[in-house]
$ cat final_17.cif   # mmCIF, C-alpha atoms
data_upload
#
loop_
_atom_site.group_PDB
_atom_site.id
_atom_site.type_symbol
_atom_site.label_atom_id
_atom_site.label_comp_id
_atom_site.auth_asym_id
_atom_site.auth_seq_id
_atom_site.Cartn_x
_atom_site.Cartn_y
_atom_site.Cartn_z
ATOM 1 C CA MET A 126 20.819 1.462 0.790
ATOM 2 C CA LEU A 127 18.530 2.897 -1.838
ATOM 3 C CA SER A 128 18.335 -0.374 -3.784
ATOM 4 C CA ARG A 129 17.059 -2.179 -0.688
ATOM 5 C CA PHE A 130 14.134 0.194 -0.303
ATOM 6 C CA ALA A 131 13.475 0.725 -4.018
ATOM 7 C CA LYS A 132 11.415 -2.449 -4.169
ATOM 8 C CA ILE A 133 9.047 -1.016 -1.569
ATOM 9 C CA THR A 134 8.837 2.515 -2.844
ATOM 10 C CA VAL A 135 8.336 1.737 -6.518
ATOM 11 C CA ALA A 136 5.784 -0.934 -5.775
ATOM 12 C CA ALA A 137 4.015 1.349 -3.330
ATOM 13 C CA SER A 138 3.802 4.039 -5.979
ATOM 14 C CA THR A 139 1.758 1.589 -8.049
ATOM 15 C CA ILE A 140 -1.259 2.046 -5.816
ATOM 16 C CA SER A 141 -0.452 5.617 -4.868
ATOM 17 C CA LEU A 142 -0.042 6.853 -8.447
ATOM 18 C CA ARG A 143 -2.687 5.973 -11.011
ATOM 19 C CA SER A 144 -5.983 7.913 -11.368
ATOM 20 C CA PHE A 145 -8.077 11.170 -11.069
ATOM 21 C CA SER A 146 -11.399 11.955 -12.667
ATOM 22 C CA THR A 147 -11.640 14.746 -15.195
ATOM 23 C CA THR A 148 -14.239 16.232 -12.879
ATOM 24 C CA ILE A 149 -11.436 16.817 -10.369
ATOM 25 C CA HIS A 150 -9.121 19.783 -10.873
ATOM 26 C CA ASN A 151 -5.860 19.191 -12.675
ATOM 27 C CA ASN A 152 -3.844 20.497 -9.717
ATOM 28 C CA VAL A 153 -3.161 17.225 -7.935
ATOM 29 C CA LYS A 154 -1.638 17.436 -4.476
ATOM 30 C CA VAL A 155 0.035 14.363 -2.998
ATOM 31 C CA ALA A 156 1.204 14.392 0.617
ATOM 32 C CA ILE A 157 3.930 12.013 1.818
ATOM 33 C CA LEU A 158 3.863 11.448 5.579
ATOM 34 C CA GLY A 159 7.294 10.160 6.513
ATOM 35 C CA ALA A 160 9.043 11.725 3.535
ATOM 36 C CA SER A 161 12.534 11.772 5.061
ATOM 37 C CA GLY A 162 12.789 8.064 5.825
ATOM 38 C CA GLY A 163 14.374 5.219 3.913
ATOM 39 C CA ILE A 164 11.127 4.573 2.046
ATOM 40 C CA GLY A 165 9.851 8.142 1.974
ATOM 41 C CA GLN A 166 12.871 9.694 0.258
ATOM 42 C CA PRO A 167 13.056 7.487 -2.851
ATOM 43 C CA MET A 168 9.264 7.479 -3.045
ATOM 44 C CA SER A 169 9.212 11.278 -2.990
ATOM 45 C CA LEU A 170 11.772 11.308 -5.802
ATOM 46 C CA LEU A 171 9.572 9.012 -7.890
ATOM 47 C CA LEU A 172 6.513 11.146 -7.276
ATOM 48 C CA LYS A 173 8.372 14.368 -8.110
ATOM 49 C CA ASN A 174 8.887 12.936 -11.594
ATOM 50 C CA ASN A 175 5.235 11.973 -12.104
ATOM 51 C CA PRO A 176 3.630 14.439 -14.566
ATOM 52 C CA MET A 177 0.195 14.098 -12.968
ATOM 53 C CA ILE A 178 1.333 15.727 -9.719
ATOM 54 C CA THR A 179 1.471 19.509 -9.396
ATOM 55 C CA HIS A 180 2.128 19.768 -5.642
ATOM 56 C CA LEU A 181 4.222 17.338 -3.629
ATOM 57 C CA SER A 182 3.885 17.976 0.095
ATOM 58 C CA LEU A 183 6.611 16.411 2.230
ATOM 59 C CA PHE A 184 6.105 15.876 5.963
ATOM 60 C CA ASP A 185 8.316 14.313 8.602
ATOM 61 C CA ILE A 186 9.500 14.947 12.140
ATOM 62 C CA ALA A 187 13.122 15.507 11.032
ATOM 63 C CA HIS A 188 15.268 16.347 7.986
ATOM 64 C CA THR A 189 12.400 17.545 5.785
ATOM 65 C CA PRO A 190 14.052 20.850 4.764
ATOM 66 C CA GLY A 191 17.021 19.075 3.168
ATOM 67 C CA VAL A 192 14.871 16.564 1.300
ATOM 68 C CA THR A 193 12.607 19.374 0.126
ATOM 69 C CA ALA A 194 15.518 21.431 -1.155
ATOM 70 C CA ASP A 195 16.989 18.488 -3.048
ATOM 71 C CA LEU A 196 13.721 17.591 -4.757
ATOM 72 C CA GLY A 197 12.865 21.210 -5.433
ATOM 73 C CA HIS A 198 15.856 21.458 -7.750
ATOM 74 C CA ILE A 199 14.454 18.833 -10.116
ATOM 75 C CA ASN A 200 12.936 20.471 -13.195
ATOM 76 C CA THR A 201 9.529 18.832 -13.244
ATOM 77 C CA ARG A 202 6.020 20.209 -12.939
ATOM 78 C CA ALA A 203 5.454 19.428 -9.252
ATOM 79 C CA LYS A 204 5.969 22.171 -6.701
ATOM 80 C CA VAL A 205 7.563 20.827 -3.517
ATOM 81 C CA SER A 206 6.719 22.066 -0.039
ATOM 82 C CA GLY A 207 8.336 20.843 3.180
ATOM 83 C CA HIS A 208 6.666 20.547 6.555
ATOM 84 C CA LEU A 209 8.509 19.746 9.761
ATOM 85 C CA GLY A 210 7.144 18.527 13.063
ATOM 86 C CA PRO A 211 3.651 17.880 14.452
ATOM 87 C CA GLU A 212 2.696 21.546 14.397
ATOM 88 C CA GLN A 213 2.987 21.578 10.578
ATOM 89 C CA LEU A 214 1.227 18.249 9.925
ATOM 90 C CA LYS A 215 -2.200 19.667 9.126
ATOM 91 C CA GLU A 216 -0.676 22.313 6.891
ATOM 92 C CA SER A 217 1.004 19.559 4.876
ATOM 93 C CA LEU A 218 -2.355 17.830 4.421
ATOM 94 C CA ASN A 219 -4.436 20.864 3.508
ATOM 95 C CA GLU A 220 -6.303 20.169 0.209
ATOM 96 C CA ALA A 221 -4.405 16.913 -0.363
ATOM 97 C CA ASP A 222 -5.952 14.590 -2.949
ATOM 98 C CA VAL A 223 -3.778 11.566 -2.132
ATOM 99 C CA VAL A 224 -1.939 10.829 1.107
ATOM 100 C CA VAL A 225 0.800 8.197 1.175
ATOM 101 C CA ILE A 226 1.955 7.007 4.597
ATOM 102 C CA PRO A 227 5.354 5.282 4.679
ATOM 103 C CA ALA A 228 6.014 6.695 8.173
ATOM 104 C CA GLY A 229 7.054 4.359 10.946
ATOM 105 C CA VAL A 230 9.906 1.928 11.431
ATOM 106 C CA PRO A 231 10.746 -1.138 9.344
ATOM 107 C CA ARG A 232 11.000 -4.510 11.029
ATOM 108 C CA LYS A 233 14.598 -5.103 12.103
ATOM 109 C CA PRO A 234 16.495 -8.276 13.079
ATOM 110 C CA GLY A 235 15.330 -9.450 16.470
ATOM 111 C CA MET A 236 12.173 -7.352 16.281
ATOM 112 C CA THR A 237 8.885 -9.179 16.816
ATOM 113 C CA ARG A 238 5.639 -8.251 15.087
ATOM 114 C CA ASP A 239 4.428 -6.996 18.463
ATOM 115 C CA ASP A 240 7.441 -4.676 18.677
ATOM 116 C CA LEU A 241 6.650 -3.322 15.223
ATOM 117 C CA PHE A 242 2.975 -2.912 16.024
ATOM 118 C CA ASN A 243 3.641 -1.100 19.300
ATOM 119 C CA THR A 244 5.827 1.448 17.532
ATOM 120 C CA ASN A 245 3.872 2.009 14.321
ATOM 121 C CA ALA A 246 0.292 1.745 15.572
ATOM 122 C CA SER A 247 0.344 5.068 17.393
ATOM 123 C CA ILE A 248 2.130 6.746 14.472
ATOM 124 C CA VAL A 249 -0.525 5.617 11.991
ATOM 125 C CA ARG A 250 -3.330 6.508 14.408
ATOM 126 C CA ASP A 251 -2.092 10.055 14.860
ATOM 127 C CA LEU A 252 -1.317 10.663 11.186
ATOM 128 C CA THR A 253 -4.650 9.316 9.953
ATOM 129 C CA ASP A 254 -6.466 11.319 12.612
ATOM 130 C CA ALA A 255 -4.947 14.454 11.104
ATOM 131 C CA CYS A 256 -6.049 13.226 7.659
ATOM 132 C CA ALA A 257 -9.600 12.626 8.880
ATOM 133 C CA GLN A 258 -9.760 16.192 10.181
ATOM 134 C CA THR A 259 -7.963 17.975 7.336
ATOM 135 C CA CYS A 260 -8.522 16.010 4.106
ATOM 136 C CA PRO A 261 -11.241 13.410 4.772
ATOM 137 C CA LYS A 262 -11.973 12.915 1.059
ATOM 138 C CA ALA A 263 -8.359 12.140 0.118
ATOM 139 C CA MET A 264 -7.246 8.682 -0.968
ATOM 140 C CA ILE A 265 -5.261 7.213 1.935
ATOM 141 C CA CYS A 266 -2.494 4.774 0.933
ATOM 142 C CA ILE A 267 -0.912 3.018 3.899
ATOM 143 C CA ILE A 268 2.540 1.494 3.567
ATOM 144 C CA ALA A 269 3.467 1.501 7.277
ATOM 145 C CA ASN A 270 3.595 -2.063 8.553
ATOM 146 C CA PRO A 271 2.017 -4.196 9.799
ATOM 147 C CA VAL A 272 -0.477 -3.334 7.043
ATOM 148 C CA ASN A 273 -2.861 -6.074 8.235
ATOM 149 C CA SER A 274 -3.331 -3.983 11.387
ATOM 150 C CA THR A 275 -2.597 -0.420 10.291
ATOM 151 C CA VAL A 276 -5.403 -0.361 7.697
ATOM 152 C CA PRO A 277 -7.986 -1.297 10.371
ATOM 153 C CA ILE A 278 -6.440 1.377 12.611
ATOM 154 C CA ALA A 279 -6.941 4.020 9.907
ATOM 155 C CA SER A 280 -10.498 2.848 9.300
ATOM 156 C CA GLU A 281 -11.418 3.014 12.983
ATOM 157 C CA VAL A 282 -9.948 6.515 13.259
ATOM 158 C CA PHE A 283 -12.013 7.729 10.305
ATOM 159 C CA LYS A 284 -15.107 6.109 11.833
ATOM 160 C CA GLN A 285 -14.537 7.941 15.097
ATOM 161 C CA ARG A 286 -14.328 11.234 13.192
ATOM 162 C CA GLY A 287 -17.519 10.424 11.289
ATOM 163 C CA VAL A 288 -15.878 10.625 7.848
ATOM 164 C CA TYR A 289 -15.205 6.964 7.038
ATOM 165 C CA ASP A 290 -15.386 5.893 3.387
ATOM 166 C CA SER A 291 -14.121 2.344 2.875
ATOM 167 C CA ASN A 292 -13.567 3.088 -0.825
ATOM 168 C CA ARG A 293 -10.768 5.548 -0.028
ATOM 169 C CA ILE A 294 -8.479 3.651 2.368
ATOM 170 C CA PHE A 295 -5.935 1.247 0.894
ATOM 171 C CA GLY A 296 -3.229 -0.989 2.280
ATOM 172 C CA VAL A 297 -0.388 -1.021 -0.222
ATOM 173 C CA THR A 298 0.342 -4.656 -1.126
ATOM 174 C CA SER A 299 1.590 -4.079 -4.671
ATOM 175 C CA LEU A 300 5.032 -5.332 -3.678
ATOM 176 C CA ASP A 301 3.635 -8.834 -3.211
ATOM 177 C CA VAL A 302 2.297 -8.798 -6.778
ATOM 178 C CA VAL A 303 5.607 -7.485 -8.070
ATOM 179 C CA ARG A 304 7.476 -10.294 -6.348
ATOM 180 C CA ALA A 305 5.102 -12.929 -7.638
ATOM 181 C CA ASN A 306 5.384 -11.611 -11.203
ATOM 182 C CA THR A 307 9.162 -11.402 -11.038
ATOM 183 C CA PHE A 308 9.840 -14.777 -9.446
ATOM 184 C CA ILE A 309 7.457 -16.676 -11.714
ATOM 185 C CA ALA A 310 8.845 -14.935 -14.786
ATOM 186 C CA GLU A 311 12.347 -15.963 -13.737
ATOM 187 C CA ALA A 312 11.278 -19.557 -13.171
ATOM 188 C CA LYS A 313 9.522 -19.838 -16.533
ATOM 189 C CA GLY A 314 11.791 -17.677 -18.683
ATOM 190 C CA LEU A 315 9.114 -15.025 -19.258
ATOM 191 C CA ASP A 316 9.215 -11.239 -19.544
ATOM 192 C CA PRO A 317 8.302 -10.063 -16.007
ATOM 193 C CA THR A 318 6.551 -6.989 -17.391
ATOM 194 C CA GLN A 319 4.103 -9.286 -19.165
ATOM 195 C CA VAL A 320 3.313 -11.531 -16.182
ATOM 196 C CA ASN A 321 0.413 -10.817 -13.843
ATOM 197 C CA VAL A 322 -0.332 -12.890 -10.754
ATOM 198 C CA PRO A 323 -3.093 -11.794 -8.354
ATOM 199 C CA VAL A 324 -2.071 -11.862 -4.697
ATOM 200 C CA ILE A 325 -4.848 -12.011 -2.136
ATOM 201 C CA GLY A 326 -5.185 -12.164 1.646
ATOM 202 C CA GLY A 327 -2.928 -9.867 3.646
ATOM 203 C CA HIS A 328 0.581 -8.435 3.643
ATOM 204 C CA SER A 329 2.721 -10.613 5.884
ATOM 205 C CA GLY A 330 3.896 -14.213 5.990
ATOM 206 C CA VAL A 331 1.225 -16.843 5.461
ATOM 207 C CA THR A 332 -1.445 -14.198 4.834
ATOM 208 C CA ILE A 333 0.250 -13.439 1.480
ATOM 209 C CA ILE A 334 -1.474 -15.787 -0.965
ATOM 210 C CA PRO A 335 -0.295 -15.753 -4.606
ATOM 211 C CA VAL A 336 -3.064 -17.102 -6.846
ATOM 212 C CA ILE A 337 -0.764 -18.805 -9.334
ATOM 213 C CA SER A 338 -3.656 -20.737 -10.865
ATOM 214 C CA GLN A 339 -4.941 -17.391 -12.229
ATOM 215 C CA ALA A 340 -1.587 -16.197 -13.596
ATOM 216 C CA THR A 341 -1.435 -14.474 -16.987
ATOM 217 C CA PRO A 342 0.038 -16.035 -19.050
ATOM 218 C CA ALA A 343 -0.935 -19.385 -17.565
ATOM 219 C CA VAL A 344 1.863 -21.299 -15.858
ATOM 220 C CA SER A 345 2.067 -24.632 -14.089
ATOM 221 C CA PHE A 346 4.361 -26.084 -11.440
ATOM 222 C CA LYS A 347 4.826 -29.511 -9.901
ATOM 223 C CA ASP A 348 3.430 -29.715 -6.365
ATOM 224 C CA ASP A 349 6.796 -29.316 -4.657
ATOM 225 C CA GLU A 350 7.769 -26.456 -6.987
ATOM 226 C CA LEU A 351 4.436 -24.726 -6.353
ATOM 227 C CA ASP A 352 4.930 -24.942 -2.603
ATOM 228 C CA ALA A 353 8.495 -23.607 -2.870
ATOM 229 C CA MET A 354 7.412 -20.727 -5.126
ATOM 230 C CA THR A 355 4.571 -19.772 -2.784
ATOM 231 C CA LYS A 356 6.888 -19.743 0.229
ATOM 232 C CA ARG A 357 9.457 -17.671 -1.655
ATOM 233 C CA ILE A 358 6.848 -15.027 -2.448
ATOM 234 C CA GLN A 359 5.603 -15.035 1.146
ATOM 235 C CA GLU A 360 9.077 -14.726 2.627
ATOM 236 C CA ALA A 361 10.729 -12.468 0.072
ATOM 237 C CA GLY A 362 11.141 -9.462 2.368
ATOM 238 C CA THR A 363 14.797 -8.972 1.510
ATOM 239 C CA GLU A 364 14.652 -9.425 -2.254
ATOM 240 C CA VAL A 365 14.947 -6.469 -4.606
ATOM 241 C CA VAL A 366 12.504 -6.227 -7.490
ATOM 242 C CA LYS A 367 11.130 -3.625 -9.897
ATOM 243 C CA ALA A 368 7.608 -2.345 -10.526
ATOM 244 C CA LYS A 369 5.539 -0.079 -12.720
ATOM 245 C CA ASP A 370 4.211 3.170 -11.259
ATOM 246 C CA GLY A 371 1.046 5.178 -11.525
ATOM 247 C CA ALA A 372 -2.143 3.270 -10.524
ATOM 248 C CA LEU A 373 -4.328 5.437 -8.321
ATOM 249 C CA LEU A 374 -3.773 8.804 -10.007
ATOM 250 C CA GLU A 375 -4.594 7.426 -13.455
ATOM 251 C CA ALA A 376 -7.875 6.016 -12.155
ATOM 252 C CA MET A 377 -8.707 9.291 -10.433
ATOM 253 C CA LYS A 378 -8.049 11.083 -13.718
ATOM 254 C CA GLY A 379 -10.720 8.975 -15.379
ATOM 255 C CA LYS A 380 -8.756 6.140 -16.961
ATOM 256 C CA GLU A 381 -10.980 3.076 -17.128
ATOM 257 C CA GLY A 382 -10.037 -0.499 -16.332
ATOM 258 C CA VAL A 383 -7.346 0.230 -13.721
ATOM 259 C CA VAL A 384 -7.060 -2.861 -11.511
ATOM 260 C CA GLU A 385 -4.668 -3.331 -8.593
ATOM 261 C CA CYS A 386 -4.430 -5.827 -5.756
ATOM 262 C CA THR A 387 -4.734 -3.961 -2.462
ATOM 263 C CA PHE A 388 -5.734 -4.611 1.164
ATOM 264 C CA VAL A 389 -9.161 -3.055 1.740
ATOM 265 C CA LYS A 390 -12.445 -3.381 3.595
ATOM 266 C CA SER A 391 -13.953 -6.537 2.162
ATOM 267 C CA SER A 392 -16.796 -9.042 2.333
ATOM 268 C CA GLU A 393 -15.025 -11.664 0.211
ATOM 269 C CA THR A 394 -14.151 -13.812 3.227
ATOM 270 C CA GLU A 395 -14.839 -13.845 6.943
ATOM 271 C CA ALA A 396 -12.015 -11.311 7.369
ATOM 272 C CA ALA A 397 -13.263 -7.710 7.508
ATOM 273 C CA TYR A 398 -10.232 -6.638 5.440
ATOM 274 C CA PHE A 399 -8.753 -8.697 2.638
ATOM 275 C CA ALA A 400 -6.465 -8.075 -0.314
ATOM 276 C CA SER A 401 -7.845 -8.864 -3.764
ATOM 277 C CA PRO A 402 -7.943 -7.312 -7.256
ATOM 278 C CA ILE A 403 -9.756 -3.975 -7.049
ATOM 279 C CA LEU A 404 -11.175 -1.902 -9.920
ATOM 280 C CA LEU A 405 -10.228 1.713 -9.202
ATOM 281 C CA GLY A 406 -12.004 4.878 -10.274
ATOM 282 C CA PRO A 407 -12.344 8.608 -9.559
ATOM 283 C CA ASN A 408 -13.686 8.020 -6.041
ATOM 284 C CA GLY A 409 -11.479 5.106 -5.069
ATOM 285 C CA ILE A 410 -12.902 1.605 -5.198
ATOM 286 C CA VAL A 411 -15.379 1.014 -8.009
ATOM 287 C CA LYS A 412 -15.679 -2.729 -7.523
ATOM 288 C CA ASN A 413 -14.012 -5.505 -5.604
ATOM 289 C CA LEU A 414 -13.302 -8.106 -8.279
ATOM 290 C CA GLY A 415 -13.096 -10.857 -5.703
ATOM 291 C CA ILE A 416 -10.764 -13.812 -5.436
ATOM 292 C CA GLY A 417 -12.153 -15.881 -8.304
ATOM 293 C CA LYS A 418 -11.941 -19.644 -8.434
ATOM 294 C CA LEU A 419 -9.070 -20.935 -6.341
ATOM 295 C CA SER A 420 -7.256 -24.222 -6.715
ATOM 296 C CA PRO A 421 -7.508 -26.690 -3.803
ATOM 297 C CA TYR A 422 -3.965 -25.704 -2.805
ATOM 298 C CA GLU A 423 -4.859 -21.996 -2.762
ATOM 299 C CA THR A 424 -8.073 -22.643 -0.874
ATOM 300 C CA GLU A 425 -6.020 -24.360 1.809
ATOM 301 C CA LEU A 426 -3.641 -21.385 1.921
ATOM 302 C CA VAL A 427 -6.572 -19.059 2.628
ATOM 303 C CA LYS A 428 -7.775 -21.370 5.382
ATOM 304 C CA LYS A 429 -4.321 -21.438 6.985
ATOM 305 C CA ALA A 430 -3.939 -17.666 6.728
ATOM 306 C CA MET A 431 -7.292 -16.770 8.255
ATOM 307 C CA PRO A 432 -6.489 -17.102 12.002
ATOM 308 C CA GLU A 433 -3.455 -14.817 11.729
ATOM 309 C CA LEU A 434 -5.255 -12.330 9.497
ATOM 310 C CA LEU A 435 -8.277 -12.142 11.802
ATOM 311 C CA SER A 436 -5.961 -11.616 14.756
ATOM 312 C CA ASN A 437 -4.037 -8.848 12.968
ATOM 313 C CA ILE A 438 -7.250 -7.024 12.064
ATOM 314 C CA LYS A 439 -8.728 -7.283 15.542
ATOM 315 C CA LYS A 440 -5.488 -6.024 17.038
ATOM 316 C CA GLY A 441 -5.650 -2.879 14.909
ATOM 317 C CA GLU A 442 -9.317 -2.253 15.647
ATOM 318 C CA ASN A 443 -8.872 -2.753 19.366
ATOM 319 C CA PHE A 444 -5.880 -0.437 19.495
ATOM 320 C CA VAL A 445 -8.005 2.517 18.410
ATOM 321 C CA LYS A 446 -10.997 1.584 20.534
ATOM 322 C CA MET A 447 -8.854 1.298 23.659
ATOM 323 C CA SER A 448 -6.613 4.326 23.078
#
$ encode --input "final_17.cif" --output "structure tokens"
Amino acid sequence: MLSRFAKITVAASTISLRSFSTTIHNNVKVAILGASGGIGQPMSLLLKNNPMITHLSLFDIAHTPGVTADLGHINTRAKVSGHLGPEQLKESLNEADVVVIPAGVPRKPGMTRDDLFNTNASIVRDLTDACAQTCPKAMICIIANPVNSTVPIASEVFKQRGVYDSNRIFGVTSLDVVRANTFIAEAKGLDPTQVNVPVIGGHSGVTIIPVISQATPAVSFKDDELDAMTKRIQEAGTEVVKAKDGALLEAMKGKEGVVECTFVKSSETEAAYFASPILLGPNGIVKNLGIGKLSPYETELVKKAMPELLSNIKKGENFVKMS
């Protein structure tokens, strides 16, 4: 069971763990909302072992005491506190520097995207509303799917509370980059740790657009191979891969040059939110590095993805406005 979710949790920790300015205190608090779930538990274990974290705050609606006790026995720097139920949510978020939200349900066989949205939208709305009230300056890293809609939900909630900062809300799409790096490395006999492929667009199906023409090191595929590789990356929801950890905390600590692909507020395309390489810094987004020059094939992928992406975004925005 753990191996199935490891691909999500390790990749998610890429954006949730790399940065903090030296102007910010060294006591870094990270809150995990949904810490007892299939994603939350292994993610919490990874974060407990990160030397940059001094306080790991675990929140869920069930089973948090057991998870807290288990992690508390690990001899690393981070103190672990457990928080159970809605009445302890704000306590878990008090003075949090980074909030990671894996809460919600994964998509299951027979489950439509609408089913997933209907379940997770209200969860993300309520959790981010607590964040907006309790820790509005924290970095918010959203893993709960559908990310194409849950990031707009979080943004609208923060707007309603009057504390919106588009530089501090991220949709975690690192897994798509990890898959692209791994699959292309396998196909070309390369070391996957040395391959980097930007992935732009969104975080589901055709909205996942691997920019293979910008891969480092450069690679090339025949047209049919390129199409097959792109589809594999887009549809790789059941494949298990590995990732590095650490991105956001390192940037917040002052490390320069930290770049990650993530789904954020954007003006790169007609979509209000769009994943692209982002330069991170102490206060979140320093600069959107854009999508660069795309090949004709990739340009067509963006065009095909746009209707679904626009629909996903609007659905998230409307959910908050109408609730």
$ closest_residue --input "final_17.cif" --among "A:Leu404, A:Ala353, A:Ile325, A:Cys386" --to "Leu419 in chain A" --atoms "all atoms listed in the file"
A:Ile325
$ closest_residue --input "final_17.cif" --among "A:Leu351, A:Met168, A:Leu209, A:Val276" --to "Ser420 in chain A" --atoms "all atoms listed in the file"
A:Leu351
$ residues_around --input "final_17.cif" --residues "range 335-341 of chain A" --least-positions-apart "4" --cutoff "12 Å" --atoms "only C-alpha atoms" --output "PyMOL selection string"
chain A and resi 298-306+308-310+315-328+330-331+345-346+350-360+386+400-402+415-427
$ closest_residue --input "final_17.cif" --among "A:Ala376, A:Ala187, A:Ile268, A:Ala221" --to "Ile410 in chain A" --atoms "all atoms listed in the file"
A:Ala376
$ residues_around --input "final_17.cif" --residues "Gly296 in chain A" --least-positions-apart "5" --cutoff "7 Å" --atoms "all atoms listed in the file" --output "ChimeraX atom specification"
/A:266-268,272,276,387-389
$ atom_distance --input "final_17.cif" --atom1 "CA of Asn245 in chain A" --atom2 "CA of Gly162 in chain A"
13.7 Å
